[in-house]
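Asker: This is run.cif, which holds mmCIF, C-alpha atoms and all ligand atoms:
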data_input
loop_
_atom_site.label_atom_id
_atom_site.label_comp_id
_atom_site.auth_asym_id
_atom_site.auth_seq_id
_atom_site.Cartn_x
_atom_site.Cartn_y
_atom_site.Cartn_z
CA MET B 140 -19.46 45.01 -15.86
CA TRP B 141 -17.51 42.65 -13.59
CA CYS B 142 -17.26 39.90 -16.20
CA ASP B 143 -16.02 41.98 -19.14
CA ALA B 144 -12.42 41.24 -18.26
CA PHE B 145 -13.05 37.46 -18.32
CA ALA B 146 -15.63 37.31 -21.09
CA GLU B 147 -14.05 34.25 -22.70
CA ARG B 148 -14.30 32.33 -19.41
CA VAL B 149 -17.97 33.17 -18.76
CA THR B 150 -21.00 31.24 -19.99
CA ARG B 151 -24.45 32.74 -19.66
CA ASP B 152 -27.47 30.57 -18.87
CA ARG B 153 -25.64 27.36 -18.06
CA GLU B 154 -27.83 24.40 -17.10
CA LEU B 155 -26.33 23.05 -13.89
CA ARG B 156 -28.08 19.72 -14.31
CA ASP B 157 -25.42 18.94 -16.94
CA LEU B 158 -22.77 19.35 -14.26
CA THR B 159 -24.20 17.47 -11.30
CA SER B 160 -23.92 13.71 -11.07
CA VAL B 161 -27.60 13.42 -10.11
CA ARG B 162 -28.43 15.47 -13.25
CA VAL B 163 -30.58 17.92 -11.34
CA GLY B 164 -30.25 21.68 -10.99
CA GLY B 165 -31.48 24.90 -12.51
CA ARG B 166 -29.95 27.51 -14.83
CA ALA B 167 -27.05 29.66 -13.72
CA LEU B 168 -27.18 33.18 -15.15
CA PHE B 169 -23.38 33.43 -14.94
CA PHE B 170 -21.02 30.46 -14.98
CA VAL B 171 -17.29 31.15 -14.77
CA GLU B 172 -14.42 28.75 -15.41
CA PRO B 173 -11.19 30.51 -14.43
CA ALA B 174 -8.11 29.21 -16.23
CA SER B 175 -5.71 29.66 -13.31
CA ASP B 176 -5.32 30.40 -9.63
CA GLU B 177 -4.56 34.05 -10.49
CA GLN B 178 -7.66 34.35 -12.61
CA MET B 179 -9.81 32.79 -9.85
CA GLY B 180 -8.45 35.54 -7.61
CA ALA B 181 -9.21 38.24 -10.17
CA VAL B 182 -12.78 37.00 -10.62
CA LEU B 183 -13.35 36.95 -6.86
CA ALA B 184 -11.91 40.46 -6.51
CA ALA B 185 -14.24 41.71 -9.25
CA LEU B 186 -17.27 40.05 -7.66
CA SER B 187 -16.33 41.45 -4.28
CA ALA B 188 -15.98 44.97 -5.71
CA GLU B 189 -19.55 44.76 -7.01
CA GLY B 190 -20.93 42.99 -3.93
CA LEU B 191 -22.08 39.97 -5.92
CA GLY B 192 -22.67 36.55 -4.36
CA TYR B 193 -21.09 33.37 -5.69
CA ARG B 194 -20.98 29.65 -5.17
CA VAL B 195 -18.46 27.02 -6.17
CA LEU B 196 -19.43 23.99 -8.20
CA GLY B 197 -16.66 21.41 -8.44
CA GLY B 198 -17.34 17.86 -9.62
CA GLY B 199 -21.02 18.29 -8.76
CA SER B 200 -21.23 14.89 -7.10
CA ASN B 201 -22.36 16.03 -3.66
CA LEU B 202 -24.51 18.97 -4.63
CA LEU B 203 -28.18 19.68 -5.08
CA PRO B 204 -28.68 23.08 -6.73
CA PRO B 205 -32.26 24.38 -6.81
CA ASP B 206 -34.57 24.27 -9.82
CA GLY B 207 -35.11 27.46 -11.81
CA GLU B 208 -32.89 30.49 -12.16
CA ILE B 209 -29.71 30.70 -10.09
CA ARG B 210 -28.63 34.29 -9.55
CA GLU B 211 -25.39 33.74 -7.70
CA VAL B 212 -22.35 33.58 -9.95
CA ILE B 213 -21.18 29.97 -10.24
CA LEU B 214 -17.42 29.44 -10.12
CA HIS B 215 -16.19 26.17 -11.59
CA PRO B 216 -12.52 25.13 -11.34
CA GLY B 217 -12.97 22.49 -14.07
CA ALA B 218 -10.39 24.08 -16.37
CA MET B 219 -7.71 23.97 -13.66
CA ARG B 220 -6.49 20.39 -13.92
CA GLY B 221 -2.73 20.54 -13.34
CA PHE B 222 -0.83 17.65 -11.77
CA ALA B 223 2.87 17.81 -10.89
CA ALA B 224 4.89 15.33 -8.86
CA VAL B 225 8.06 16.37 -7.07
CA GLY B 226 9.59 13.52 -5.07
CA GLU B 227 6.99 12.29 -2.60
CA GLU B 228 4.70 15.25 -3.11
CA VAL B 229 2.11 15.94 -5.74
CA ARG B 230 0.61 19.35 -6.40
CA VAL B 231 -2.81 19.05 -7.92
CA GLN B 232 -5.18 21.75 -9.10
CA ALA B 233 -8.72 21.82 -7.76
CA GLY B 234 -10.48 20.94 -11.02
CA LEU B 235 -8.69 17.66 -11.70
CA SER B 236 -10.99 14.70 -11.21
CA LEU B 237 -10.20 12.49 -8.28
CA ALA B 238 -10.16 9.53 -10.67
CA SER B 239 -7.46 11.18 -12.85
CA MET B 240 -5.41 12.06 -9.80
CA VAL B 241 -5.57 8.45 -8.55
CA ALA B 242 -4.58 7.13 -11.99
CA ARG B 243 -1.64 9.56 -12.31
CA ALA B 244 -0.33 8.85 -8.80
CA ASN B 245 -0.72 5.10 -9.26
CA GLY B 246 1.19 5.28 -12.54
CA LEU B 247 4.09 6.94 -10.72
CA GLY B 248 4.03 4.33 -7.96
CA LEU B 249 2.98 6.93 -5.39
CA ALA B 250 0.81 5.26 -2.77
CA GLY B 251 -1.87 6.91 -0.63
CA VAL B 252 -4.57 8.18 -2.94
CA HIS B 253 -5.01 4.71 -4.50
CA VAL B 254 -7.57 3.99 -1.75
CA LEU B 255 -9.75 6.84 -3.04
CA ALA B 256 -10.47 4.96 -6.27
CA GLY B 257 -14.10 4.99 -7.28
CA ILE B 258 -14.95 8.23 -5.46
CA PRO B 259 -16.42 10.77 -7.88
CA GLY B 260 -15.77 14.50 -7.91
CA GLN B 261 -12.81 16.82 -8.25
CA VAL B 262 -9.84 17.40 -5.98
CA GLY B 263 -11.05 20.76 -4.58
CA GLY B 264 -14.43 19.39 -3.53
CA ALA B 265 -12.78 16.24 -2.21
CA VAL B 266 -10.62 18.33 0.12
CA VAL B 267 -13.51 20.55 1.26
CA MET B 268 -15.61 17.45 2.04
CA ASN B 269 -12.68 15.29 3.21
CA ALA B 270 -13.84 12.67 0.72
CA GLY B 271 -13.24 9.09 1.63
CA GLY B 272 -14.61 5.63 1.99
CA ARG B 273 -13.90 2.39 3.75
CA TYR B 274 -10.15 2.49 3.04
CA GLY B 275 -9.30 6.05 3.93
CA GLU B 276 -9.90 9.75 3.46
CA ILE B 277 -8.00 12.44 1.60
CA GLY B 278 -7.49 14.65 4.70
CA PRO B 279 -4.51 12.83 6.26
CA LEU B 280 -2.62 13.07 2.94
CA VAL B 281 -3.04 16.83 2.61
CA LYS B 282 0.06 18.91 3.38
CA ARG B 283 -1.05 22.32 2.09
CA VAL B 284 -4.16 23.83 0.60
CA HIS B 285 -3.98 26.92 -1.59
CA VAL B 286 -7.13 28.99 -1.57
CA ARG B 287 -8.43 32.32 -2.79
CA LEU B 288 -10.40 34.24 -0.21
CA ASP B 289 -13.61 36.09 -1.00
CA ASP B 290 -11.69 39.30 -1.76
CA GLY B 291 -9.49 37.43 -4.25
CA SER B 292 -6.35 37.32 -2.10
CA ALA B 293 -4.26 34.15 -1.96
CA GLU B 294 -3.75 32.14 1.20
CA SER B 295 -2.02 28.87 1.91
CA ILE B 296 -3.24 26.66 4.75
CA ASP B 297 -1.26 23.88 6.44
CA GLY B 298 -3.00 20.50 6.23
CA ASN B 299 -2.85 20.24 10.03
CA ASP B 300 -4.92 23.42 10.30
CA MET B 301 -7.68 22.20 7.99
CA GLY B 302 -9.82 20.73 10.78
CA PHE B 303 -10.42 17.54 8.83
CA ALA B 304 -13.09 15.31 10.31
CA TYR B 305 -15.55 12.79 8.87
CA ARG B 306 -16.66 14.38 5.57
CA GLN B 307 -15.80 17.88 6.70
CA SER B 308 -13.05 20.48 6.94
CA GLU B 309 -12.80 24.04 8.17
CA LEU B 310 -12.04 26.72 5.63
CA PRO B 311 -12.53 30.47 5.88
CA GLU B 312 -16.05 31.43 4.78
CA GLY B 313 -16.16 31.90 1.01
CA ALA B 314 -12.69 30.45 0.39
CA VAL B 315 -12.19 28.70 -2.94
CA VAL B 316 -9.63 25.89 -3.12
CA THR B 317 -7.36 26.30 -6.14
CA SER B 318 -4.70 23.64 -5.55
CA VAL B 319 -3.54 21.10 -3.02
CA VAL B 320 -0.22 19.52 -2.07
CA LEU B 321 -0.44 15.88 -1.02
CA GLY B 322 2.27 13.81 0.65
CA LEU B 323 2.41 10.28 -0.77
CA ASP B 324 4.57 7.17 -0.27
CA PRO B 325 6.90 6.19 -3.12
CA THR B 326 6.77 2.51 -4.06
CA ASP B 327 8.30 0.69 -7.00
CA ASP B 328 5.13 -1.15 -7.90
CA PRO B 329 2.56 0.89 -9.85
CA GLY B 330 0.91 -2.40 -10.85
CA ALA B 331 0.09 -3.25 -7.23
CA LEU B 332 -1.48 0.17 -6.69
CA ARG B 333 -3.56 -0.16 -9.86
CA ARG B 334 -4.74 -3.61 -8.80
CA GLU B 335 -5.75 -2.38 -5.35
CA SER B 336 -7.65 0.59 -6.84
CA GLY B 337 -9.37 -1.78 -9.27
CA ARG B 338 -10.38 -4.09 -6.45
CA ILE B 339 -11.90 -1.19 -4.47
CA ILE B 340 -13.88 -0.03 -7.53
CA LYS B 341 -15.19 -3.58 -8.08
CA GLU B 342 -16.26 -3.83 -4.47
CA LYS B 343 -18.14 -0.52 -4.77
CA ASN B 344 -19.81 -1.50 -8.00
CA ALA B 345 -21.16 -4.62 -6.33
CA ALA B 346 -22.58 -2.79 -3.29
CA GLN B 347 -23.75 0.54 -4.69
CA PRO B 348 -25.77 1.83 -7.65
CA THR B 349 -22.71 3.21 -9.43
CA THR B 350 -24.19 3.46 -12.91
CA SER B 351 -27.36 5.42 -12.18
CA ARG B 352 -27.58 9.19 -11.83
CA ASN B 353 -27.08 9.81 -8.15
CA PHE B 354 -24.84 11.75 -5.81
CA GLY B 355 -23.37 8.94 -3.82
CA CYS B 356 -24.41 8.83 -0.21
CA MET B 357 -26.94 11.47 0.83
CA PHE B 358 -26.37 11.10 4.56
CA LYS B 359 -23.37 10.64 6.78
CA ASN B 360 -23.01 7.49 8.83
CA SER B 361 -23.33 9.36 12.13
CA ASP B 362 -22.36 7.75 15.43
CA GLY B 363 -21.17 4.67 13.60
CA ARG B 364 -24.67 3.85 12.34
CA SER B 365 -25.13 3.07 8.65
CA ALA B 366 -27.54 5.59 7.15
CA GLY B 367 -28.26 3.12 4.33
CA ILE B 368 -29.39 0.46 6.78
CA LEU B 369 -31.51 2.96 8.75
CA VAL B 370 -33.30 4.06 5.57
CA GLU B 371 -33.76 0.41 4.59
CA GLU B 372 -35.15 -0.54 8.01
CA ALA B 373 -37.50 2.43 7.84
CA GLY B 374 -38.99 0.72 4.78
CA LEU B 375 -38.09 3.54 2.41
CA LYS B 376 -36.02 1.78 -0.25
CA GLY B 377 -37.64 2.18 -3.66
CA LEU B 378 -39.76 5.18 -2.55
CA VAL B 379 -40.55 7.36 -5.59
CA GLN B 380 -41.25 11.09 -5.84
CA GLY B 381 -41.66 12.43 -9.35
CA ASP B 382 -38.74 10.99 -11.31
CA ALA B 383 -36.56 10.55 -8.21
CA ARG B 384 -36.40 7.47 -6.07
CA ILE B 385 -34.54 6.06 -3.12
CA SER B 386 -32.41 3.30 -4.61
CA PRO B 387 -33.88 -0.17 -4.18
CA GLN B 388 -30.27 -1.41 -3.93
CA HIS B 389 -28.80 0.98 -1.32
CA GLY B 390 -30.88 3.08 1.07
CA ASN B 391 -28.39 5.96 1.17
CA PHE B 392 -28.63 6.72 -2.56
CA ILE B 393 -31.24 8.78 -4.41
CA GLU B 394 -31.48 8.17 -8.12
CA ASN B 395 -32.75 10.35 -10.93
CA MET B 396 -34.76 8.11 -13.24
CA GLY B 397 -35.07 10.74 -15.96
CA GLY B 398 -36.43 14.20 -15.39
CA ALA B 399 -36.25 14.50 -11.60
CA LYS B 400 -36.40 18.00 -10.13
CA ALA B 401 -34.49 19.29 -7.16
CA ARG B 402 -37.79 19.56 -5.28
CA ASP B 403 -38.45 15.81 -5.83
CA VAL B 404 -35.00 14.88 -4.54
CA LEU B 405 -35.36 17.22 -1.57
CA ALA B 406 -38.77 15.76 -0.74
CA LEU B 407 -37.19 12.28 -0.54
CA ILE B 408 -34.33 13.55 1.61
CA GLU B 409 -36.78 15.21 4.00
CA ARG B 410 -39.03 12.14 4.06
CA ALA B 411 -36.09 9.90 4.98
CA GLU B 412 -35.06 12.33 7.73
CA THR B 413 -38.57 12.45 9.18
CA VAL B 414 -39.26 8.72 9.11
CA VAL B 415 -35.84 7.72 10.48
CA LEU B 416 -36.22 10.25 13.31
CA GLU B 417 -39.71 8.97 14.15
CA ARG B 418 -38.83 5.30 13.96
CA PHE B 419 -35.36 5.22 15.46
CA GLY B 420 -34.88 8.60 17.15
CA VAL B 421 -31.84 9.19 14.90
CA ARG B 422 -31.29 12.59 13.30
CA LEU B 423 -29.74 11.87 9.90
CA GLU B 424 -27.02 14.33 8.93
CA ARG B 425 -26.83 15.40 5.29
CA GLU B 426 -23.66 14.74 3.37
CA VAL B 427 -25.12 16.27 0.23
CA ARG B 428 -24.98 20.07 0.17
CA VAL B 429 -28.42 21.43 -0.64
CA TRP B 430 -28.23 24.95 -2.06
CA ASN B 431 -31.03 27.23 -1.00
CA SER B 432 -33.17 28.61 -3.76
N1 LIG F 1 -26.48 -1.92 3.66
C1 LIG F 1 -27.74 -2.41 3.79
N2 LIG F 1 -28.77 -1.76 3.22
C2 LIG F 1 -28.60 -0.61 2.54
C3 LIG F 1 -27.31 -0.09 2.41
C4 LIG F 1 -26.25 -0.75 2.98
O1 LIG F 1 -27.94 -3.45 4.41
O2 LIG F 1 -29.59 -0.08 2.04
C5 LIG F 1 -25.35 -2.61 4.29
C6 LIG F 1 -24.36 -3.14 3.27
O3 LIG F 1 -24.71 -4.38 2.75
C7 LIG F 1 -23.08 -3.16 4.08
C8 LIG F 1 -23.25 -2.01 5.06
O4 LIG F 1 -24.64 -1.70 5.07
O5 LIG F 1 -22.98 -4.36 4.82
C9 LIG F 1 -22.46 -0.78 4.64
O6 LIG F 1 -22.80 -0.41 3.30
P1 LIG F 1 -21.69 0.11 2.24
O7 LIG F 1 -20.59 -0.85 2.17
O8 LIG F 1 -22.38 0.48 1.00
O9 LIG F 1 -21.12 1.36 2.95
P2 LIG F 1 -21.83 2.62 3.53
O10 LIG F 1 -21.48 2.68 4.97
O11 LIG F 1 -23.25 2.72 3.16
C10 LIG F 1 -19.74 4.16 3.14
C11 LIG F 1 -19.59 5.55 2.59
C12 LIG F 1 -19.58 5.51 1.08
C13 LIG F 1 -18.47 4.60 0.61
C14 LIG F 1 -18.69 3.20 1.22
C15 LIG F 1 -17.59 2.22 0.85
C16 LIG F 1 -20.68 7.19 4.01
C17 LIG F 1 -21.93 7.94 4.28
N3 LIG F 1 -20.73 6.35 3.00
O12 LIG F 1 -21.02 3.74 2.72
O13 LIG F 1 -19.33 6.81 0.61
O14 LIG F 1 -18.48 4.50 -0.79
O15 LIG F 1 -18.72 3.31 2.66
O16 LIG F 1 -16.35 2.70 1.19
O17 LIG F 1 -19.69 7.39 4.71
C18 LIG F 1 -20.28 8.82 -0.18
O18 LIG F 1 -19.72 9.37 0.77
O19 LIG F 1 -20.93 9.46 -1.03
C19 LIG F 1 -20.20 7.38 -0.28
C20 LIG F 1 -20.88 6.71 -1.18
#
Do you think you could lay out the structure here as structure tokens?

Answerer:
Amino acid sequence: MWCDAFAERVTRDRELRDLTSVRVGGRALFFVEPASDEQMGAVLAALSAEGLGYRVLGGGSNLLPPDGEIREVILHPGAMRGFAAVGEEVRVQAGLSLASMVARANGLGLAGVHVLAGIPGQVGGAVVMNAGGRYGEIGPLVKRVHVRLDDGSAESIDGNDMGFAYRQSELPEGAVVTSVVLGLDPTDDPGALRRESGRIIKEKNAAQPTTSRNFGCMFKNSDGRSAGILVEEAGLKGLVQGDARISPQHGNFIENMGGAKARDVLALIERAETVVLERFGVRLEREVRVWNS
């Protein structure tokens, strides 16, 4: 069987709700945590040889997996957490958390990623989604992205060819990010970077429900319009479906109040889309990736 060669890296029947920030998601029949770029390639090659489908779950902060049994093999780069600085560049593996990367870079006085403080998730997902906030995005810092293609082969993509745009990038279909090279600015003041990151986190904590189980913003702010304000003006803040609700604090957040199901969360997403379209003629664009069941 395809997984015999990686048996120690495979978990059967893994509950994905334990791995998503909204704490929702069904049970993956096969969950694989490759230890290295090479092993990610070997797993992909084995899956490809058997014609098996897969999906990548990184930090799980922008994902809504379905309830129930998930038959696609789930690849998780969480064991690949390397960080190495060489001069102005850092090479970071896909499974390192964004928060750890920011802390490490700040500690070395390397400026650039300090503005990403407070954003959840892992480096690979952050690059795929071009994660960012008010003070900047990761895309402009990216010099190279190392990926494994769906047949397991390695490819390296120049940052300028990544097609970075607001919360999106362009990668070959099925490509899995394994590591990233970022270009940062050396400073001699790690303390100043830490203070600025701390200030950004404080600002977020005041404006957003950062302690509840949620996946950050559900919708993009398309055409410069705040999705949170649109949902608020549509009168949907606090709307409850099962154990899920639209945050009473911020209209662009859905919270899991306990045992929410993916279908509850999806019902709220669809309700917000429908009402905002009816009331304001605006088609909300999802930032959260909803996996089909
Ligand atoms: N606001 C309301 N009502 C709401 C929500 C927001 O009046 O229900 C107001 C706020 O008071 C504020 C303005 O709308 O004056 C903007 O809100 P906020 O500062 O929370 O920013 P946002 O535009 O909703 C964006 C990003 C966030 C990021 C913040 C801060 C998107 C979709 N969202 O949110 O990113 O954290 O700026 O940098 O781009 C994410 O992508 O998951 C995310 C949370």

Asker: Using all atoms listed in the file, tabulate the residues of chain B lying at most 8 Å from any atom of ligand LIG 1 (chain F), each with its closest atom pair and that distance in Å to one decimal, by chain and increasing residue number, as a Markdown table.

Answerer:
| residue | atom | partner | partner_atom | distance |
| --- | --- | --- | --- | --- |
| B:Asn201 | CA | F:LIG1 | O19 | 7.2 |
| B:Gly257 | CA | F:LIG1 | O14 | 7.8 |
| B:Ile258 | CA | F:LIG1 | O14 | 6.9 |
| B:Ala270 | CA | F:LIG1 | O18 | 6.7 |
| B:Gly271 | CA | F:LIG1 | O18 | 6.5 |
| B:Gly272 | CA | F:LIG1 | O16 | 3.5 |
| B:Arg273 | CA | F:LIG1 | O16 | 3.6 |
| B:Tyr274 | CA | F:LIG1 | O16 | 6.5 |
| B:Tyr305 | CA | F:LIG1 | O17 | 8.0 |
| B:Arg306 | CA | F:LIG1 | O18 | 7.6 |
| B:Lys343 | CA | F:LIG1 | C15 | 6.3 |
| B:Ala346 | CA | F:LIG1 | O8 | 5.4 |
| B:Gln347 | CA | F:LIG1 | O8 | 5.9 |
| B:Phe354 | CA | F:LIG1 | O19 | 6.6 |
| B:Gly355 | CA | F:LIG1 | O19 | 3.7 |
| B:Cys356 | CA | F:LIG1 | O19 | 3.6 |
| B:Met357 | CA | F:LIG1 | O19 | 6.6 |
| B:Phe358 | CA | F:LIG1 | C17 | 5.5 |
| B:Lys359 | CA | F:LIG1 | C17 | 4.0 |
| B:Asn360 | CA | F:LIG1 | C17 | 4.7 |
| B:Ser365 | CA | F:LIG1 | O10 | 5.2 |
| B:Ala366 | CA | F:LIG1 | O11 | 6.5 |
| B:Gly367 | CA | F:LIG1 | C3 | 3.9 |
| B:Ile368 | CA | F:LIG1 | N2 | 4.2 |
| B:Leu369 | CA | F:LIG1 | O2 | 7.6 |
| B:Val370 | CA | F:LIG1 | O2 | 6.6 |
| B:Glu371 | CA | F:LIG1 | O2 | 4.9 |
| B:Lys376 | CA | F:LIG1 | O2 | 7.1 |
| B:Ser386 | CA | F:LIG1 | O2 | 8.0 |
| B:Pro387 | CA | F:LIG1 | O2 | 7.6 |
| B:Gln388 | CA | F:LIG1 | O2 | 6.2 |
| B:His389 | CA | F:LIG1 | O2 | 3.6 |
| B:Gly390 | CA | F:LIG1 | O2 | 3.5 |
| B:Asn391 | CA | F:LIG1 | O2 | 6.2 |
| B:Phe392 | CA | F:LIG1 | C20 | 7.9 |
| B:Glu426 | CA | F:LIG1 | C17 | 7.1 |

Asker: With distances taken over all atoms listed in the file, which of B:Gly248, B:Pro311, B:Gly217, B:Gly377 is nearest to Arg287 of chain B?

Answerer: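 Between B:Gly248, B:Pro311, B:Gly217, B:Gly377, the residue approaching Arg287 of chain B most closely is B:Pro311.
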
Asker: To one decimal place in Å, what is the distance between atom CA of Val429 of chain B and atom CA of Gly313 of chain B?

Answerer: 16.2 Å

Asker: Padding 3 Å on every side, please: axis-aligned box over the listed atoms of segment 194-201 of chain B, centre and edge lengths to one decimal in Å, as lines of an AutoDock Vina configuration file.

Answerer:
center_x = -19.5
center_y = 22.3
center_z = -6.6
size_x = 11.7
size_y = 20.8
size_z = 12.0

Asker: To one decimal in Å, tell me the separation between atom CA of Pro259 of chain B and atom CA of Leu280 of chain B.

Answerer: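 For atom CA of Pro259 of chain B relative to atom CA of Leu280 of chain B, the distance reads 17.7 Å.
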
Asker: Can you check which parts of segment 339-404 of chain B lie within 10 Å of segment 204-215 of chain B? Per residue, the shortest pair of atoms and distance in Å to one decimal, counting all atoms listed in the file, sorted by chain and number, as a tab-separated table.

Answerer:
residue	atom	partner	partner_atom	distance
B:Lys400	CA	B:Asp206	CA	6.5
B:Ala401	CA	B:Pro205	CA	5.6
B:Arg402	CA	B:Asp206	CA	7.3

Asker: One number please: atom CA of Trp141 of chain B to atom CA of Val182 of chain B, in Å, one decimal.

Answerer: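 The value is 7.9 Å.
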
Asker: With distances taken over all atoms listed in the file, which of B:Gly260, B:Gly246, B:Gly322, B:Gly164 is nearest to Pro279 of chain B?

Answerer: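 Closest to Pro279 of chain B, using all atoms listed in the file: B:Gly322.
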
Asker: Where atoms are missing, can you supply N, CA, C and O atoms for segment 324-342 of chain B and output the lot as a tab-separated table (two decimals), in the frame of the given file?

Answerer:
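As a result, rebuild-v6.tsv now contains:
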chain	number	residue	atom	x	y	z
B	324	ASP	N	3.47	8.11	-0.57
B	324	ASP	CA	4.57	7.17	-0.27
B	324	ASP	C	5.09	6.55	-1.55
B	324	ASP	O	4.35	5.81	-2.21
B	325	PRO	N	6.36	6.79	-1.90
B	325	PRO	CA	6.90	6.19	-3.12
B	325	PRO	C	7.01	4.67	-2.98
B	325	PRO	O	7.44	4.19	-1.93
B	326	THR	N	6.58	3.96	-4.01
B	326	THR	CA	6.77	2.51	-4.06
B	326	THR	C	7.35	2.22	-5.43
B	326	THR	O	7.38	3.09	-6.30
B	327	ASP	N	7.81	0.99	-5.65
B	327	ASP	CA	8.30	0.69	-7.00
B	327	ASP	C	7.33	-0.25	-7.71
B	327	ASP	O	7.73	-1.00	-8.58
B	328	ASP	N	6.07	-0.20	-7.32
B	328	ASP	CA	5.13	-1.15	-7.90
B	328	ASP	C	3.80	-0.50	-8.30
B	328	ASP	O	2.77	-0.70	-7.63
B	329	PRO	N	3.82	0.29	-9.40
B	329	PRO	CA	2.56	0.89	-9.85
B	329	PRO	C	1.48	-0.17	-10.09
B	329	PRO	O	0.28	0.09	-9.84
B	330	GLY	N	1.88	-1.34	-10.55
B	330	GLY	CA	0.91	-2.40	-10.85
B	330	GLY	C	0.11	-2.78	-9.61
B	330	GLY	O	-1.11	-2.98	-9.67
B	331	ALA	N	0.79	-2.86	-8.47
B	331	ALA	CA	0.09	-3.25	-7.23
B	331	ALA	C	-0.92	-2.18	-6.84
B	331	ALA	O	-2.03	-2.49	-6.38
B	332	LEU	N	-0.55	-0.91	-7.03
B	332	LEU	CA	-1.48	0.17	-6.69
B	332	LEU	C	-2.70	0.12	-7.61
B	332	LEU	O	-3.85	0.27	-7.17
B	333	ARG	N	-2.44	-0.09	-8.90
B	333	ARG	CA	-3.56	-0.16	-9.86
B	333	ARG	C	-4.49	-1.32	-9.51
B	333	ARG	O	-5.71	-1.19	-9.58
B	334	ARG	N	-3.89	-2.46	-9.14
B	334	ARG	CA	-4.74	-3.61	-8.80
B	334	ARG	C	-5.59	-3.32	-7.57
B	334	ARG	O	-6.77	-3.65	-7.53
B	335	GLU	N	-5.00	-2.69	-6.57
B	335	GLU	CA	-5.75	-2.38	-5.35
B	335	GLU	C	-6.88	-1.38	-5.65
B	335	GLU	O	-8.01	-1.55	-5.17
B	336	SER	N	-6.59	-0.35	-6.46
B	336	SER	CA	-7.65	0.59	-6.84
B	336	SER	C	-8.76	-0.14	-7.58
B	336	SER	O	-9.95	0.10	-7.34
B	337	GLY	N	-8.37	-1.03	-8.49
B	337	GLY	CA	-9.37	-1.78	-9.27
B	337	GLY	C	-10.25	-2.64	-8.37
B	337	GLY	O	-11.47	-2.73	-8.56
B	338	ARG	N	-9.62	-3.24	-7.37
B	338	ARG	CA	-10.38	-4.09	-6.45
B	338	ARG	C	-11.41	-3.25	-5.68
B	338	ARG	O	-12.56	-3.65	-5.51
B	339	ILE	N	-11.00	-2.05	-5.24
B	339	ILE	CA	-11.90	-1.19	-4.47
B	339	ILE	C	-13.09	-0.76	-5.35
B	339	ILE	O	-14.24	-0.76	-4.91
B	340	ILE	N	-12.80	-0.44	-6.62
B	340	ILE	CA	-13.88	-0.03	-7.53
B	340	ILE	C	-14.86	-1.19	-7.74
B	340	ILE	O	-16.08	-1.01	-7.71
B	341	LYS	N	-14.32	-2.40	-7.90
B	341	LYS	CA	-15.19	-3.58	-8.08
B	341	LYS	C	-16.10	-3.78	-6.87
B	341	LYS	O	-17.29	-4.06	-7.01
B	342	GLU	N	-15.50	-3.64	-5.71
B	342	GLU	CA	-16.26	-3.83	-4.47
B	342	GLU	C	-17.41	-2.82	-4.39
B	342	GLU	O	-18.53	-3.16	-4.03
